[in-house]
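K.L.:
This is the structure, below, for whatever I ask next.
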Amino acid sequence: QLRLVESGGGLVQPGGSLRLSCAASGLDLNNYVIGWFRQAPGKEREGVSCIIIPNGSTYYLDSVKGRFTISRDNTKDTVYLQMDNLKPEDTAVYYCAADPVIDFKANYCRYDYGGMDYWGQGALVTVFS
């Protein structure tokens, strides 16, 4: 059974860093796109970053470019989201999601997040001043 488990959320002050982990099981990660999405209170869920595992292509939301980095540990079935220079507006529940490469469309990582097939339970990130 495919499972995604996020970890690494927490409290951090503005300018601080956190690293989120998405541990995947029950799938061959090499055939998937992994994305990080977030949902702030009262707001729509949005795509933060995606990585197409077979070719390493990445996508970032404009507001996180230069601050967040998505990566995959080749020795583990784990995808990371390194978040630096965090801002209060980054406060949200962050979700890891997976979709088979053969089904994936670029819009899934932007606004059509419902196209992603599998989701983790979420990790809360709070940036407070």
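Residue numbers start at 1 in each chain; chains themselves are named A, B, ... in the order of the structure tokens; ligands are numbered from 1 in the order shown.
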Which neighbours of Cys96 in chain A fall inside 6 Å, counting only C-alpha atoms, when residues of the same chain fewer than 3 positions from it are skipped, and could you give them as a list in words?

P.N.:
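The filter keeps Gly35, Trp36, Trp119 and Gly120 of chain A.
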
K.L.:
Selected residues, N, CA and C atoms, written as a PDB file, in the first residue's frame, please.

P.N.:
ATOM      1  N   GLY A  35       5.361  16.161  -4.934  1.00  0.00           N
ATOM      2  CA  GLY A  35       5.122  17.585  -4.754  1.00  0.00           C
ATOM      3  C   GLY A  35       4.890  17.945  -3.294  1.00  0.00           C
ATOM      4  N   TRP A  36       5.228  19.174  -2.989  1.00  0.00           N
ATOM      5  CA  TRP A  36       4.900  19.761  -1.688  1.00  0.00           C
ATOM      6  C   TRP A  36       3.841  20.833  -1.909  1.00  0.00           C
ATOM      7  N   TRP A 119      -1.645  11.380  -1.031  1.00  0.00           N
ATOM      8  CA  TRP A 119      -1.337  12.482  -0.127  1.00  0.00           C
ATOM      9  C   TRP A 119      -0.902  11.956   1.233  1.00  0.00           C
ATOM     10  N   GLY A 120      -0.012  12.731   1.856  1.00  0.00           N
ATOM     11  CA  GLY A 120       0.333  12.472   3.240  1.00  0.00           C
ATOM     12  C   GLY A 120      -0.639  13.192   4.156  1.00  0.00           C
TER      13      GLY A 120
END

K.L.:
Would you pick out the contacts of Asn85 in chain A at 9 Å or less, using only C-alpha atoms, so that residues sharing its chain but fewer than 3 positions from it are not included, and give the list as a ChimeraX atom specification?

P.N.:
/A:14-17,67-68

K.L.:
If you keep C-alpha atoms, can you produce a file of those selected residues as a PDB file, in the first residue's frame?

P.N.:
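Output file selection-v4.pdb is given in full below:
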ATOM      1  CA  PRO A  14      11.224  34.702  10.655  1.00  0.00           C
ATOM      2  CA  GLY A  15      14.505  34.170   8.867  1.00  0.00           C
ATOM      3  CA  GLY A  16      14.848  30.676  10.275  1.00  0.00           C
ATOM      4  CA  SER A  17      14.999  27.333   8.499  1.00  0.00           C
ATOM      5  CA  ARG A  67      14.383  30.231  -0.388  1.00  0.00           C
ATOM      6  CA  PHE A  68      13.066  26.661  -0.729  1.00  0.00           C
TER       7      PHE A  68
END

K.L.:
Which residue gives the smallest distance to Val12 in chain A among A:Asp90, A:Asp117, A:Asp28, A:Glu46, with only C-alpha atoms counted?

P.N.:
A:Asp90

K.L.:
Find the residues around Glu44 in chain A up to 12 Å (only C-alpha atoms counted), leave out those fewer than 4 positions away in its own chain, and share them as number ranges by chain.

P.N.:
A: 37-40, 92-93, 110-114

K.L.:
Give me a file of those residues, with all heavy atoms, as a compact mmCIF listing (two decimals), in the first residue's frame.

P.N.:
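Generated file (again26.txt):
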# COMPACT_ATOMS: atom_id res chain seq x y z
N PHE A 37 2.80 20.75 -1.12
CA PHE A 37 1.70 21.69 -1.20
C PHE A 37 1.48 22.26 0.20
O PHE A 37 1.88 21.66 1.18
CB PHE A 37 0.43 20.98 -1.70
CG PHE A 37 0.57 20.42 -3.08
CD1 PHE A 37 1.27 19.24 -3.28
CD2 PHE A 37 0.02 21.06 -4.16
CE1 PHE A 37 1.43 18.71 -4.57
CE2 PHE A 37 0.17 20.55 -5.44
CZ PHE A 37 0.87 19.38 -5.64
N ARG A 38 0.82 23.41 0.26
CA ARG A 38 0.54 23.97 1.57
C ARG A 38 -0.84 24.60 1.58
O ARG A 38 -1.35 25.03 0.55
CB ARG A 38 1.60 24.99 1.98
CG ARG A 38 1.61 26.28 1.15
CD ARG A 38 2.79 27.15 1.56
NE ARG A 38 2.83 28.39 0.80
CZ ARG A 38 3.82 29.26 0.86
NH1 ARG A 38 4.88 29.03 1.65
NH2 ARG A 38 3.78 30.38 0.15
N GLN A 39 -1.40 24.64 2.78
CA GLN A 39 -2.70 25.26 2.95
C GLN A 39 -2.69 26.07 4.24
O GLN A 39 -2.53 25.50 5.32
CB GLN A 39 -3.83 24.23 2.97
CG GLN A 39 -5.21 24.85 2.94
CD GLN A 39 -6.28 23.85 2.56
OE1 GLN A 39 -6.07 22.64 2.60
NE2 GLN A 39 -7.44 24.35 2.17
N ALA A 40 -2.84 27.37 4.10
CA ALA A 40 -2.92 28.26 5.25
C ALA A 40 -4.38 28.39 5.66
O ALA A 40 -5.29 28.17 4.85
CB ALA A 40 -2.33 29.62 4.89
N ALA A 92 1.63 27.43 7.38
CA ALA A 92 0.61 26.60 6.73
C ALA A 92 0.82 25.14 7.14
O ALA A 92 1.85 24.80 7.75
CB ALA A 92 0.70 26.70 5.21
N VAL A 93 -0.15 24.32 6.80
CA VAL A 93 0.05 22.88 6.84
C VAL A 93 0.65 22.48 5.49
O VAL A 93 0.09 22.82 4.45
CB VAL A 93 -1.25 22.12 7.10
CG1 VAL A 93 -1.00 20.60 7.06
CG2 VAL A 93 -1.85 22.53 8.44
N ARG A 110 0.57 23.50 -9.68
CA ARG A 110 0.26 24.92 -9.59
C ARG A 110 -1.06 25.13 -8.89
O ARG A 110 -1.11 25.45 -7.71
CB ARG A 110 0.26 25.54 -10.99
CG ARG A 110 1.65 25.55 -11.63
CD ARG A 110 1.62 26.11 -13.03
NE ARG A 110 2.96 26.27 -13.60
CZ ARG A 110 3.64 25.30 -14.18
NH1 ARG A 110 3.13 24.11 -14.30
NH2 ARG A 110 4.84 25.54 -14.67
N TYR A 111 -2.14 24.87 -9.54
CA TYR A 111 -3.45 25.12 -8.94
C TYR A 111 -4.37 23.91 -8.97
O TYR A 111 -5.33 23.83 -8.23
CB TYR A 111 -4.13 26.28 -9.65
CG TYR A 111 -4.23 26.10 -11.15
CD1 TYR A 111 -5.27 25.39 -11.71
CD2 TYR A 111 -3.26 26.64 -12.00
CE1 TYR A 111 -5.35 25.22 -13.08
CE2 TYR A 111 -3.33 26.45 -13.36
CZ TYR A 111 -4.38 25.75 -13.90
OH TYR A 111 -4.46 25.56 -15.25
N ASP A 112 -4.08 22.95 -9.84
CA ASP A 112 -4.95 21.78 -10.00
C ASP A 112 -4.46 20.62 -9.15
O ASP A 112 -4.28 19.50 -9.62
CB ASP A 112 -4.99 21.39 -11.47
CG ASP A 112 -6.14 20.43 -11.79
OD1 ASP A 112 -7.04 20.29 -10.93
OD2 ASP A 112 -6.11 19.81 -12.87
N TYR A 113 -4.27 20.92 -7.84
CA TYR A 113 -3.64 19.95 -6.95
C TYR A 113 -4.47 18.68 -6.81
O TYR A 113 -3.95 17.64 -6.41
CB TYR A 113 -3.40 20.58 -5.58
CG TYR A 113 -4.65 21.08 -4.90
CD1 TYR A 113 -5.43 20.24 -4.13
CD2 TYR A 113 -5.06 22.40 -5.04
CE1 TYR A 113 -6.58 20.69 -3.52
CE2 TYR A 113 -6.20 22.86 -4.43
CZ TYR A 113 -6.96 22.01 -3.67
OH TYR A 113 -8.10 22.45 -3.06
N GLY A 114 -5.75 18.75 -7.13
CA GLY A 114 -6.60 17.56 -7.04
C GLY A 114 -6.18 16.44 -7.96
O GLY A 114 -6.59 15.30 -7.80

K.L.:
Between A:Thr91, A:Ser7, A:Asn30, A:Gln82, single out the one closest to Asn55 in chain A, counting only C-alpha atoms.

P.N.:
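Comparing A:Thr91, A:Ser7, A:Asn30, A:Gln82 against Asn55 in chain A, the winner is A:Asn30.
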
K.L.:
Give me, as a PyMOL selection string, the residues of range 14-92 of chain A that a backbone DSSP run labels helix (DSSP H, G or I).

P.N.:
chain A and resi 29-31+62-64+88-90

K.L.:
Identify all residues of chain A in strand (DSSP E or B) (DSSP on the backbone) and supply them as a PyMOL selection string.

P.N.:
chain A and resi 3-7+10-12+18-25+32-39+46-52+57-60+68-73+78-83+92-100+118-119+123-127

K.L.:
Write out as an NGL selection string which residues come within 8 Å of Glu6 in chain A when counting only C-alpha atoms, dropping same-chain ones fewer than 4 positions away.

P.N.:
:A and (20-23 or 95-96 or 120-123)

K.L.:
So how many Å separate CA of Gly56 in chain A and CA of Lys87 in chain A, to one decimal?

P.N.:
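A separation of 26.8 Å between them.
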
K.L.:
Which is closest to Ser25 in chain A among A:Ala98, A:Thr58, A:Pro88, A:Gln13, if we use only C-alpha atoms?

P.N.:
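Using only C-alpha atoms, Ser25 in chain A sits closest to A:Ala98.
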
K.L.:
At what distance in Å, to one decimal, does CA of Asn74 in chain A lie from CA of Arg45 in chain A?

P.N.:
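These two atoms are separated by 28.4 Å.
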
K.L.:
Need to verify the contact set: Ala24 in chain A, 10 Å, only C-alpha atoms, exclusion of same-chain residues closer than 6 positions in sequence. Can you return it as a list in words?

P.N.:
Leu2, Arg3, Leu4, Val5, Glu6, Ile34, Lys76, Asp77, Thr78, Val79, Cys96, Ala97, Ala98 and Gly120 of chain A

K.L.:
Nearest to Gly66 in chain A: which of A:Ile51, A:Val101, A:Leu86, A:Val33 is it, counting only C-alpha atoms?

P.N.:
A:Leu86

K.L.:
Find, counting only C-alpha atoms, the residue in A:Gly10, A:Gln1, A:Asp99, A:Ser71 that gets nearest to Tyr59 in chain A.

P.N.:
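Closest to Tyr59 in chain A, using only C-alpha atoms: A:Ser71.
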
K.L.:
When distances are computed from only C-alpha atoms, which of A:Asn107, A:Ser129, A:Asn31, A:Ser49 shows the smallest separation from Ser63 in chain A?

P.N.:
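Nearest candidate to Ser63 in chain A out of A:Asn107, A:Ser129, A:Asn31, A:Ser49: A:Ser49.
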